[in-house]
Each structure stands twice: as structure tokens, then as C-alpha cells.
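File shown: entry-v5.txt (compact mmCIF, C-alpha atoms).
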# COMPACT_ATOMS: atom_id res chain seq x y z
CA MET A 1 50.01 128.51 193.68
CA ASP A 2 47.39 131.30 193.98
CA ASN A 3 49.87 133.83 192.64
CA LEU A 4 50.76 131.73 189.59
CA PRO A 5 51.51 134.06 186.60
CA ILE A 6 49.14 132.39 184.14
CA GLY A 7 49.66 134.84 181.29
CA PRO A 8 53.49 134.59 181.15
CA LEU A 9 53.34 130.79 181.58
CA LEU A 10 50.93 130.46 178.65
CA ALA A 11 53.26 132.58 176.53
CA VAL A 12 56.26 130.45 177.52
CA LEU A 13 54.25 127.28 176.81
CA ALA A 14 53.35 128.47 173.31
CA LEU A 15 56.96 129.48 172.66
CA LEU A 16 58.28 126.08 173.80
CA ILE A 17 55.85 124.23 171.50
CA LEU A 18 56.90 126.52 168.64
CA TRP A 19 60.59 125.85 169.27
CA SER A 20 60.01 122.10 169.59
CA GLY A 21 58.19 122.16 166.25
CA LEU A 22 61.11 124.01 164.69
CA PHE A 23 63.63 121.50 166.07
CA THR A 24 61.55 118.59 164.75
CA ALA A 25 61.19 120.23 161.33
CA ILE A 26 64.96 120.80 161.07
CA GLU A 27 65.74 117.18 161.99
CA ALA A 28 63.13 115.86 159.53
CA ALA A 29 64.43 118.18 156.78
CA GLN A 30 67.97 116.96 157.33
CA GLN A 31 66.86 113.31 157.10
CA HIS A 32 64.81 114.08 153.98
CA LEU A 33 67.77 115.72 152.26
CA LEU A 34 70.05 112.89 153.31
CA ALA A 35 67.70 110.43 151.61
CA GLN A 36 67.80 112.56 148.47
CA ARG A 37 71.59 112.49 148.45
CA THR A 38 71.62 108.86 147.41
CA ALA A 39 69.91 109.77 144.14
CA SER A 40 71.83 113.00 143.49
CA ARG A 41 73.61 113.43 140.17
CA SER A 42 76.71 115.43 139.40
CA GLY A 43 74.68 118.16 137.72
CA ASP A 44 72.45 118.74 140.72
CA LYS A 45 73.08 121.64 143.06
CA PRO A 46 74.89 120.75 146.30
CA VAL A 47 72.62 119.48 149.07
CA ALA A 48 72.31 121.70 152.15
CA LYS A 49 73.99 120.41 155.30
CA LEU A 50 73.27 120.70 159.00
CA GLY A 51 75.41 123.52 160.40
CA PHE A 52 75.57 122.24 163.97
CA PRO A 53 75.78 118.91 165.83
CA LEU A 54 72.66 116.76 165.62
CA ASN A 55 73.04 115.77 169.29
CA SER A 56 72.52 119.40 170.31
CA LEU A 57 69.30 119.56 168.30
CA ILE A 58 67.94 116.40 169.92
CA PHE A 59 68.94 117.66 173.38
CA CYS A 60 67.10 120.99 172.91
CA ASN A 61 64.01 119.33 171.44
CA THR A 62 63.77 116.91 174.36
CA LEU A 63 64.26 119.73 176.87
CA CYS A 64 61.50 121.81 175.27
CA ARG A 65 59.03 118.93 175.36
CA ALA A 66 59.81 118.16 178.99
CA LEU A 67 59.21 121.81 179.95
CA VAL A 68 55.91 121.79 178.04
CA VAL A 69 54.70 118.87 180.15
CA VAL A 70 55.85 120.53 183.39
CA ILE A 71 54.22 123.89 182.66
CA SER A 72 51.04 122.24 181.39
CA THR A 73 50.79 120.26 184.62
CA LEU A 74 51.21 123.41 186.75
CA LEU A 75 48.53 125.28 184.82
CA ALA A 76 46.14 122.31 184.89
CA ILE A 77 46.54 121.84 188.64
CA PHE A 78 45.90 125.55 189.15
CA GLY A 79 42.69 125.44 187.10
CA TRP A 80 41.27 121.97 187.80
CA ALA A 81 42.90 120.81 191.04
CA GLU A 82 42.95 117.00 191.34
CA LYS A 83 41.82 116.50 187.71
CA GLY A 84 44.65 118.69 186.49
CA PRO A 85 47.37 116.05 185.90
CA TRP A 86 45.12 113.95 183.64
CA LEU A 87 44.07 116.97 181.62
CA ALA A 88 47.66 118.15 181.42
CA CYS A 89 48.84 114.81 180.02
CA LEU A 90 46.11 114.69 177.38
CA SER A 91 46.41 118.32 176.29
CA ALA A 92 50.23 118.33 176.24
CA ALA A 93 50.35 115.06 174.29
CA ALA A 94 47.82 116.32 171.72
CA ALA A 95 49.57 119.68 171.30
CA LEU A 96 53.03 118.12 170.93
CA LEU A 97 51.87 115.44 168.49
CA VAL A 98 50.03 117.87 166.21
CA LEU A 99 52.03 121.10 166.52
CA ALA A 100 55.52 119.76 167.33
CA ASP A 101 55.61 116.51 165.35
CA TYR A 102 53.09 115.79 162.56
CA LEU A 103 52.80 119.35 161.24
CA PRO A 104 56.57 120.12 161.28
CA ARG A 105 57.42 116.83 159.56
CA THR A 106 54.87 117.52 156.82
CA LEU A 107 56.32 120.97 156.24
CA ALA A 108 59.87 119.60 156.29
CA SER A 109 59.07 117.10 153.53
CA ARG A 110 57.70 119.93 151.36
CA TYR A 111 60.30 122.64 152.04
CA PRO A 112 63.44 120.86 153.36
CA ASP A 113 65.99 123.32 151.96
CA ALA A 114 64.22 126.40 153.31
CA ILE A 115 63.72 124.89 156.78
CA LEU A 116 67.31 123.67 157.02
CA ALA A 117 68.59 127.09 155.92
CA LEU A 118 66.38 128.76 158.54
CA GLY A 119 67.67 126.42 161.22
CA ASN A 120 71.31 127.00 160.31
CA THR A 121 70.75 130.76 160.43
CA LEU A 122 68.87 130.89 163.75
CA LEU A 123 70.44 128.02 165.66
CA GLY A 124 73.94 127.53 164.28
CA VAL A 125 75.81 129.40 167.02
CA PRO A 126 73.58 128.57 170.04
CA LEU A 127 73.50 124.83 169.35
CA LYS A 128 77.27 124.74 168.91
CA MET A 129 77.64 126.44 172.30
CA ILE A 130 75.51 123.86 174.15
CA TYR A 131 77.14 120.90 172.40
CA PRO A 132 79.30 120.02 175.48
CA ALA A 133 76.14 119.30 177.51
CA ALA A 134 74.64 117.23 174.67
CA TRP A 135 77.94 115.39 174.25
CA LEU A 136 78.06 114.56 177.96
CA LEU A 137 74.51 113.19 178.01
CA ASN A 138 75.14 111.18 174.84
CA GLY A 139 78.28 109.75 176.43
CA ILE A 140 76.28 108.71 179.50
CA SER A 141 73.71 106.96 177.31
CA GLN A 142 76.46 105.11 175.44
CA TRP A 143 77.96 104.02 178.76
CA LEU A 144 74.58 102.74 179.98
CA LEU A 145 74.11 100.74 176.76
CA LYS A 146 77.56 99.22 176.93
CA PRO A 147 76.46 96.09 178.91
CA PHE A 148 73.91 95.34 176.18
CA ALA A 149 76.34 95.70 173.28
CA ARG A 150 76.97 92.62 171.16
CA LYS A 151 80.17 91.00 172.38
CA VAL A 152 82.58 88.55 170.82
CA LYS A 153 82.79 85.35 172.82
CA ILE A 154 86.30 85.05 174.23
CA VAL A 155 88.12 83.16 176.94
CA GLN A 156 91.67 83.27 178.17
CA GLN A 157 93.93 80.89 176.29
CA SER A 158 93.62 77.41 177.76
CA GLU A 159 94.04 74.04 176.11
CA ASP A 160 92.18 71.98 178.73
CA GLU A 161 88.79 73.60 178.24
CA PRO A 162 85.67 71.39 178.13
CA PRO A 163 84.81 69.98 174.69
CA ALA A 164 81.38 71.61 174.85
CA LEU A 165 82.99 75.04 174.88
CA GLN A 166 85.02 74.22 171.82
CA ASN A 167 81.88 73.14 170.00
CA ASN A 168 80.14 76.38 170.97
CA ASP A 169 83.05 78.39 169.61
CA THR A 170 82.87 76.48 166.36
CA ASP A 171 79.14 77.11 166.10
CA HIS A 172 79.67 80.80 166.78
CA GLU A 173 82.39 80.93 164.18
CA HIS A 174 80.21 79.36 161.49
CA ALA A 175 77.28 81.59 162.44
CA ALA A 176 79.44 84.69 162.08
CA CYS A 177 80.51 83.83 158.57
CA ARG A 178 77.17 82.43 157.39
CA PRO A 179 76.26 85.46 155.21
CA HIS A 180 79.67 85.27 153.55
CA ALA A 181 79.54 81.53 152.97
CA LEU A 182 77.22 82.12 150.02
CA SER A 183 79.02 82.69 146.77
CA GLY A 184 78.74 84.88 143.73
CA ILE A 185 75.93 87.20 142.81
CA HIS A 186 73.32 85.17 144.74
CA ALA A 187 74.93 86.35 147.99
CA LEU A 188 74.62 90.06 147.22
CA ASP A 189 71.16 90.34 148.80
CA ASN A 190 72.58 88.95 152.04
CA ILE A 191 75.49 91.40 152.21
CA THR A 192 75.20 95.14 152.72
CA VAL A 193 77.50 98.01 151.86
CA ASN A 194 78.51 98.15 155.53
CA ASP A 195 80.03 94.65 155.23
CA ILE A 196 82.55 95.57 152.52
CA LEU A 197 83.22 99.29 152.99
CA VAL A 198 86.72 100.68 153.45
CA PRO A 199 86.68 102.25 156.96
CA ARG A 200 87.14 106.00 157.13
CA SER A 201 90.41 105.53 159.04
CA GLU A 202 91.89 103.83 155.97
CA VAL A 203 90.47 106.16 153.32
CA ASP A 204 92.98 108.20 151.34
CA GLY A 205 91.70 111.67 150.51
CA ILE A 206 92.66 115.22 149.64
CA ASN A 207 92.46 117.74 152.47
CA LEU A 208 91.83 121.16 150.92
CA ASP A 209 93.24 122.78 154.07
CA ASP A 210 96.70 121.44 153.16
CA SER A 211 99.04 123.50 151.02
CA ILE A 212 99.05 122.88 147.28
CA GLU A 213 102.62 121.60 147.55
CA GLU A 214 101.57 118.91 150.02
CA ILE A 215 98.61 117.97 147.83
CA ILE A 216 100.83 117.63 144.73
CA GLU A 217 103.27 115.41 146.62
CA GLN A 218 100.39 113.26 147.88
CA LEU A 219 98.99 112.88 144.36
CA ARG A 220 102.40 111.91 142.96
CA THR A 221 102.63 108.94 145.33
CA ASN A 222 98.95 108.04 145.17
CA LYS A 223 97.91 104.92 143.28
CA ARG A 224 94.14 105.38 143.38
CA THR A 225 92.07 106.80 140.55
CA ARG A 226 89.37 108.46 142.68
CA LEU A 227 89.87 110.28 145.95
CA PRO A 228 87.45 112.10 148.28
CA VAL A 229 88.12 115.82 148.64
CA PHE A 230 87.25 117.40 151.97
CA HIS A 231 87.94 120.22 154.42
CA SER A 232 89.77 119.17 157.61
CA ASP A 233 87.67 116.05 158.16
CA ILE A 234 86.15 113.48 155.82
CA ASN A 235 82.70 114.31 157.23
CA GLN A 236 83.14 117.62 155.41
CA VAL A 237 83.57 115.92 152.03
CA GLU A 238 83.06 118.36 149.18
CA ALA A 239 83.71 116.31 146.06
CA VAL A 240 85.38 113.26 144.51
CA LEU A 241 88.51 113.79 142.41
CA ASN A 242 89.36 111.80 139.28
CA THR A 243 93.17 111.89 139.41
CA ARG A 244 93.52 111.05 135.71
CA GLN A 245 92.21 114.49 134.78
CA ILE A 246 94.98 116.35 136.63
CA PHE A 247 97.81 113.84 136.24
CA HIS A 248 99.45 115.93 133.49
CA LEU A 249 99.78 118.88 135.90
CA LEU A 250 101.83 116.99 138.48
CA PRO A 251 105.30 116.66 136.85
CA ASP A 252 105.86 120.44 136.63
CA ALA A 253 103.87 121.20 139.82
CA SER A 254 101.49 123.48 137.90
CA LEU A 255 98.42 122.15 139.67
CA THR A 256 96.26 124.72 141.48
CA LYS A 257 93.36 124.16 143.85
CA GLU A 258 91.04 125.71 141.28
CA ALA A 259 92.16 123.17 138.67
CA LEU A 260 91.81 120.39 141.22
CA LEU A 261 88.23 121.36 142.05
CA ALA A 262 87.41 121.68 138.35
CA ALA A 263 88.32 117.99 137.93
CA CYS A 264 85.97 116.94 140.74
CA ARG A 265 82.40 115.68 140.80
CA GLU A 266 79.78 116.08 143.49
CA PRO A 267 80.05 113.30 146.09
CA TYR A 268 77.67 110.36 145.83
CA PHE A 269 76.32 109.16 149.20
CA VAL A 270 75.28 105.60 149.97
CA PRO A 271 73.35 104.43 153.08
CA GLU A 272 75.34 101.78 154.96
CA SER A 273 72.40 99.33 154.98
CA THR A 274 72.05 99.18 151.17
CA PRO A 275 72.22 95.59 149.83
CA LEU A 276 75.10 95.04 147.41
CA GLN A 277 72.83 93.91 144.59
CA LEU A 278 70.87 97.17 144.81
CA GLN A 279 74.07 99.21 145.09
CA LEU A 280 75.49 97.54 141.99
CA LEU A 281 72.40 98.70 140.08
CA ASN A 282 72.67 102.18 141.61
CA PHE A 283 76.30 102.51 140.51
CA HIS A 284 75.25 101.64 136.96
CA LYS A 285 72.24 103.99 137.05
CA GLN A 286 74.18 106.94 138.47
CA GLN A 287 77.29 106.25 136.35
CA ARG A 288 79.47 106.22 139.45
CA ARG A 289 82.35 104.08 140.65
CA LEU A 290 82.79 105.38 144.21
CA GLY A 291 80.28 106.17 146.95
CA MET A 292 80.63 107.78 150.38
CA VAL A 293 78.99 105.43 152.90
CA VAL A 294 76.98 107.28 155.58
CA ASP A 295 75.07 106.15 158.65
CA GLU A 296 71.56 107.20 159.66
CA TYR A 297 72.85 110.55 160.97
CA GLY A 298 74.80 111.42 157.83
CA GLU A 299 78.21 110.68 159.36
CA VAL A 300 80.70 109.25 156.86
CA GLU A 301 81.61 105.66 157.76
CA GLY A 302 83.93 104.99 154.81
CA ILE A 303 83.80 104.42 151.05
CA VAL A 304 82.61 101.67 148.74
CA THR A 305 83.65 101.25 145.11
CA LEU A 306 82.31 99.38 142.13
CA GLU A 307 85.49 97.30 142.20
CA ASP A 308 84.72 96.20 145.78
CA ILE A 309 81.33 94.83 144.71
CA LEU A 310 82.70 93.12 141.61
CA GLU A 311 85.44 91.57 143.74
CA GLU A 312 82.75 90.22 146.06
CA ILE A 313 81.11 88.53 143.05
CA VAL A 314 84.21 87.01 141.45
CA GLY A 315 86.25 86.56 144.62
CA GLU A 316 85.36 82.86 144.79
CA PHE A 317 87.43 82.29 141.64
CA GLU A 318 90.55 83.74 143.27
CA SER A 319 92.93 81.98 145.61
CA GLN A 320 91.50 82.10 149.09
CA HIS A 321 94.87 81.60 150.77
CA SER A 322 96.85 84.37 149.10
CA LEU A 323 99.13 86.24 151.48
CA ASP A 324 99.40 89.23 149.16
CA ASN A 325 98.37 91.56 151.98
CA PRO A 326 100.78 94.21 153.33
CA HIS A 327 99.28 93.87 156.83
CA ILE A 328 100.16 90.14 157.10
CA HIS A 329 103.69 89.07 158.06
CA PRO A 330 104.20 85.27 158.09
CA GLN A 331 106.61 83.85 160.68
CA ALA A 332 108.97 80.89 160.37
CA ASP A 333 106.93 78.78 162.81
CA GLY A 334 103.76 79.18 160.73
CA ARG A 335 102.17 81.84 162.89
CA LEU A 336 101.32 85.30 161.57
CA VAL A 337 102.06 88.80 162.81
CA ILE A 338 99.20 91.02 161.63
CA GLU A 339 98.85 94.77 161.96
CA GLY A 340 95.91 96.07 163.96
CA ALA A 341 94.67 98.19 161.06
CA ALA A 342 94.08 95.08 158.92
CA SER A 343 90.53 94.61 157.67
CA ILE A 344 88.86 91.50 159.12
CA ARG A 345 87.11 90.89 155.84
CA GLU A 346 90.41 91.00 153.93
CA LEU A 347 92.02 88.67 156.47
CA ASN A 348 89.23 86.16 156.06
CA LYS A 349 89.52 86.39 152.30
CA SER A 350 93.34 86.14 152.19
CA LEU A 351 93.73 83.39 154.78
CA GLY A 352 90.49 81.47 154.38
CA TRP A 353 89.67 82.26 158.02
CA HIS A 354 86.33 82.95 159.65
CA LEU A 355 86.99 85.70 162.17
CA PRO A 356 83.72 87.41 163.19
CA SER A 357 83.00 90.20 160.71
CA ASP A 358 79.52 91.27 161.75
CA GLY A 359 80.82 93.84 164.26
CA PRO A 360 84.16 95.71 164.16
CA LYS A 361 85.77 96.05 160.74
CA THR A 362 89.44 95.92 161.77
CA LEU A 363 91.54 93.55 163.88
CA ASN A 364 92.16 96.35 166.39
CA GLY A 365 88.41 96.88 166.75
CA LEU A 366 87.78 93.15 167.20
CA VAL A 367 90.40 92.86 169.98
CA THR A 368 89.35 96.00 171.85
CA GLU A 369 85.66 95.02 171.69
CA ALA A 370 86.48 91.54 172.96
CA LEU A 371 88.56 92.82 175.89
CA GLU A 372 86.44 95.96 176.45
CA THR A 373 89.63 97.92 177.07
CA ILE A 374 92.88 98.99 175.39
CA PRO A 375 95.06 95.95 176.18
CA ASP A 376 98.69 95.94 177.20
CA SER A 377 101.24 93.90 175.32
CA ALA A 378 101.52 90.15 175.99
CA VAL A 379 97.78 89.75 176.64
CA CYS A 380 96.45 86.52 175.13
CA LEU A 381 92.91 85.64 174.16
CA LYS A 382 90.99 83.21 172.03
CA ILE A 383 88.26 83.93 169.49
CA GLY A 384 86.76 80.73 168.14
CA ARG A 385 89.69 78.54 167.09
CA TYR A 386 92.05 81.50 166.73
CA ARG A 387 94.69 82.33 169.32
CA LEU A 388 95.76 85.97 169.57
CA GLU A 389 98.66 87.51 171.46
CA ILE A 390 98.94 91.31 171.64
CA LEU A 391 102.50 92.21 170.69
CA GLU A 392 102.30 95.98 170.59
CA THR A 393 99.89 98.83 171.35
CA GLU A 394 100.32 102.38 170.11
CA ASP A 395 98.23 105.56 170.39
CA ASN A 396 95.38 103.81 172.25
CA ARG A 397 95.05 101.07 169.67
CA VAL A 398 96.41 97.61 169.00
CA SER A 399 99.13 97.89 166.36
CA ARG A 400 100.55 94.34 166.09
CA VAL A 401 99.01 90.96 166.93
CA LEU A 402 100.46 87.45 166.75
CA ILE A 403 97.76 85.06 165.52
CA TRP A 404 97.66 81.37 164.84
CA HIS A 405 94.88 78.99 163.96
CA VAL A 406 94.32 75.81 165.98
CA ALA A 407 92.45 73.12 164.03
CA ALA A 408 89.67 71.22 165.78
CA SER A 409 91.66 67.98 165.68
CA GLU A 410 94.70 69.65 167.23
CA ALA A 411 92.62 71.21 170.00
CA THR A 412 91.07 67.80 170.75
CA SER A 413 94.47 66.11 170.93
CA LEU A 414 95.77 68.81 173.25
CA ARG A 415 92.86 68.29 175.61
CA SER A 416 93.40 64.53 175.53
CA ALA A 417 97.08 65.02 176.40
CA VAL A 418 96.27 66.91 179.57
CA ARG A 419 93.27 64.77 180.62
CA PRO A 420 94.07 62.64 183.69
CA SER A 421 94.05 58.89 183.15
Let me see the structure of the file written as C-alpha cells.
Amino acid sequence: MDNLPIGPLLAVLALLILWSGLFTAIEAAQQHLLAQRTASRSGDKPVAKLGFPLNSLIFCNTLCRALVVVISTLLAIFGWAEKGPWLACLSAAAALLVLADYLPRTLASRYPDAILALGNTLLGVPLKMIYPAAWLLNGISQWLLKPFARKVKIVQQSEDEPPALQNNDTDHEHAACRPHALSGIHALDNITVNDILVPRSEVDGINLDDSIEEIIEQLRTNKRTRLPVFHSDINQVEAVLNTRQIFHLLPDASLTKEALLAACREPYFVPESTPLQLQLLNFHKQQRRLGMVVDEYGEVEGIVTLEDILEEIVGEFESQHSLDNPHIHPQADGRLVIEGAASIRELNKSLGWHLPSDGPKTLNGLVTEALETIPDSAVCLKIGRYRLEILETEDNRVSRVLIWHVAASEATSLRSAVRPS
């Protein structure tokens, strides 16, 4: 300890605080720009994007702050002996709060574009290189949180269960659909964009990395008016295409990527927690009909359209038991074979069911969350009053499920039939 290199350690300490402040400023600038995206218009310049994984940024910032505390403690012990740890805690906390948190966030709110550009220039390559370590630590944290995740209440299929359990299932079922039990425009404050979005796995879009021939063929068979345009992945969305403006170029295959981009508008981003009533007003204010739904980190979760919100308002006037859904295949015995990609919300609307819709958005997600694994075929389970049998799994997902609904009276009679006299 007597030979402690105080000068170099002080220099390293100052450098670590500086780097931590830079990491904090970049993260705050990215969040500030993301908030601005929701109010962006088509005439605005494109918003700068983070050029590296956010997990790597958080990992480096945390590492810098931990090293600041360690080095501060060593220096304080060297200078003040037994009083050193207390002084180290106070001085490190004050320095990090002022120089690595409050000050960087203030600067980021004033100059977000410049700070994000600086971060992409200095840190783009290094933070991409250390992403595997950040990904591993993030995976460990997700694994540790798994026992605390909200689970769907399930039991193996059994008709002689206690009546109290059946009542609990019914209560859970009604609780899950309570926000959707309200009708019309009065329910819009109780429903968010996340409740009605089209998941990213089901979003049709134009991949600019495809050849123009493949894009033309896709547009010829497409039935949607507006499509996201992206590079490789929908998280790299560049614009939104209005297909009506290039429809005349499809018959003779004269469409070019330049003409396609000329018919596009800047993407409009919507936070997933936005209430539908507010989003309806935002669509009118921004003169938009489609929004890209993003989470708190800017990752694209799916899309929401003006038609989706209007359908939520007037849906109560439509038939609730319509089977006009390509994912639903009725069987002769009254049961239904449903594809795993089917939206739970659409199933509830088409069948008048009340499957839990406050968690996973698809039937595959609901089953895998309930079982906490990718199930094999012929596995049976029960969710509320719904019986499910896994018919087929494909590519690590449930592809076909046999489902039937057991009414409360039927379940009671079945229990009575097996009850000993």
C-alpha cells in the first residue's frame, strides 16, 4: 500500500468519471430523441439512431462506476486509513452524481444530436465488440427474473378438480378481460397501443436488401395500403410506403428502388404505453394512419393503424362470434384447430372468448409462457375454462392447437358424475 501510484490512479479515476459521464449522456440523448420521434412530421429531418447495442452501453457505464468506487476506496484508505471507506463512499457518490449523471443528462437534453453523433463515432466499433459479454450478463439477469414473471394459471386437464379451483379460474378469466369488457370510445383510456398492436412477427414489410424483382412480386400479391420499409430487420425501419403511389409501376415491372423510396414517408413512432384515445388524437394531428410501436429502448414491437383503433370503437356493433379468421379451423365435433400465430385479441373478438390478453399476444406465446418450455405434441393443459391440446410444434414454436371451451355448467356436471356417492 505504501508504494501505491497515486498520480496514475487519480488520472485513471478522472478518466473513468469522464467516460461514465459520456455513456450517461449518450443514453439520455438517445431517450430524448426517441421521445421526439413521436411528434416527428414527414418534413422533419431523420432522427439520429444509436449505432451500437444499448446493452453494451449500460454494461460499460456500470463497469466504469464500479471501478470509480474501487479506486476511490484504495486512495481514501491510503490517505485516511480507517476513515477512508466512509470518505470514499461520500466523494465517489458526489462525483458520480454531479459529473456522471446530472451534468451529462442536462447536456444531452440540450444537444442530443451532437452527443449521439459523438458517441456513434467514438464508441460504435468498441461497443459492438463487447456486446457478447453484455448479452451474456443480460441473459443471466433475465434468467434470474424468470421466477418472478407473471404466469398464466394452468393445471393439467382434469374433470374432477375441486369446485373452488374452477371458481378461481373463472375469476382470473374475468379479471384478464376486464379492460376489454368496456365498450366503445369510453374504453379507450383503459386500453393502450400495446393491447391492439400487430406483433412484429406478423408485420408485412419491404426489405430493401431484397432484389427489386422480389419486391415487385411481393407488392403484386400484397393487399395492404401501407407497408414499413426497412433494411434486413424491422428495427432498421427507414420509411413507410403508400402502395397506391407506385401501383401503376407494377404491371410492367418498371418500379425501381429510387421510385419506391420517393413514394415513402418518414416513419412515425408510437410508444407502446400510449392510451388509444390519445393515439387517436395523435393520428389526426400528425395526419398519419400507421405508426411503428416501440418499447422504452426503441425496439420495434409491431405496428398500429388508425383502422385498428376505429375497429376497437365500433367492434361492439359487429358479430362477436364470426369465424372469418384464417387461423381458425372449425372441426365437426365443435372443437377448433387454431394456428399458433393467431392473435389472442382476434380470437377473443371472433369467438367471444376471454383468453388472457394482458401478457403474450399470440396463442403460441400464451402456451409457451404457461408451460415455460417448448411443448411436444399431445400435451394438454387448461387455461380458465378452455382446454388446449398441442397438435403440432415447428421451429421452436407451437404451430397448431386443438381448443374447446367447457361451460361452467358442463364442468360442474362432469365433476358430479365422477364424485363418489
Distance of CA of Gly124 (chain A) from CA of Asn55 (chain A), expressed in Å to one decimal place: 12.8 Å
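Note that the spacing between CA of Arg335 (chain A) and CA of Glu392 (chain A) amounts to 16.1 Å.
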Distance in Å - CA of Tyr102 (chain A) versus CA of Gln31 (chain A):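 If I compute the distance from CA of Tyr102 (chain A) to CA of Gln31 (chain A), I get 15.0 Å.
Closest approach to Leu255 (chain A) from the set A:Met292, A:Ile216, A:Met129, A:Leu391 is made by A:Ile216, with distances taken over all atoms listed in the file.
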Could you work out an axis-aligned bounding box for all listed atoms of region 301-306 of chain A, with 3 Å added on each of the six sides, and give its centre and edge lengths in Å to one decimal, as lines of an AutoDock Vina configuration file?
center_x = 82.8
center_y = 102.5
center_z = 149.9
size_x = 8.3
size_y = 12.3
size_z = 21.6
Polymer residues at most 8 Å from Arg387 (chain A), only C-alpha atoms, same-chain spacing of 2 or more positions, as a ChimeraX atom specification: /A:157,380-383,385,389,403-406
Keeping only C-alpha atoms, write the selected residues to a file as a CSV table (one decimal), in the coordinates of the input.
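And here is the file that came out, out_33.csv:
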chain,number,residue,atom,x,y,z
A,157,GLN,CA,93.9,80.9,176.3
A,380,CYS,CA,96.4,86.5,175.1
A,381,LEU,CA,92.9,85.6,174.2
A,382,LYS,CA,91.0,83.2,172.0
A,383,ILE,CA,88.3,83.9,169.5
A,385,ARG,CA,89.7,78.5,167.1
A,389,GLU,CA,98.7,87.5,171.5
A,403,ILE,CA,97.8,85.1,165.5
A,404,TRP,CA,97.7,81.4,164.8
A,405,HIS,CA,94.9,79.0,164.0
A,406,VAL,CA,94.3,75.8,166.0
Pick from A:Leu116, A:Val203, A:Leu276, A:Leu402 nearest to Phe52 (chain A), counting only C-alpha atoms: A:Leu116
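Among A:Leu249, A:Leu363, A:Leu351, A:Cys264, the residue with the shortest atom-to-atom distance to Thr225 (chain A), counting only C-alpha atoms, is A:Cys264.
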Option closest in space to Val398 (chain A), from A:Ala341, A:Pro356, A:Asp295, A:Leu197 [counting all atoms listed in the file]: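 So, comparing all the options, the nearest one is A:Ala341.
Minimum distance to Pro8 (chain A) across A:Val337, A:Phe269, A:Ile71, A:Gly352 (counting only C-alpha atoms) occurs at A:Ile71.
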Shell of 7 Å around Thr73 (chain A), all atoms listed in the file, local chain residues under 5 positions omitted, as a PyMOL selection string: chain A and resi 84-85+88
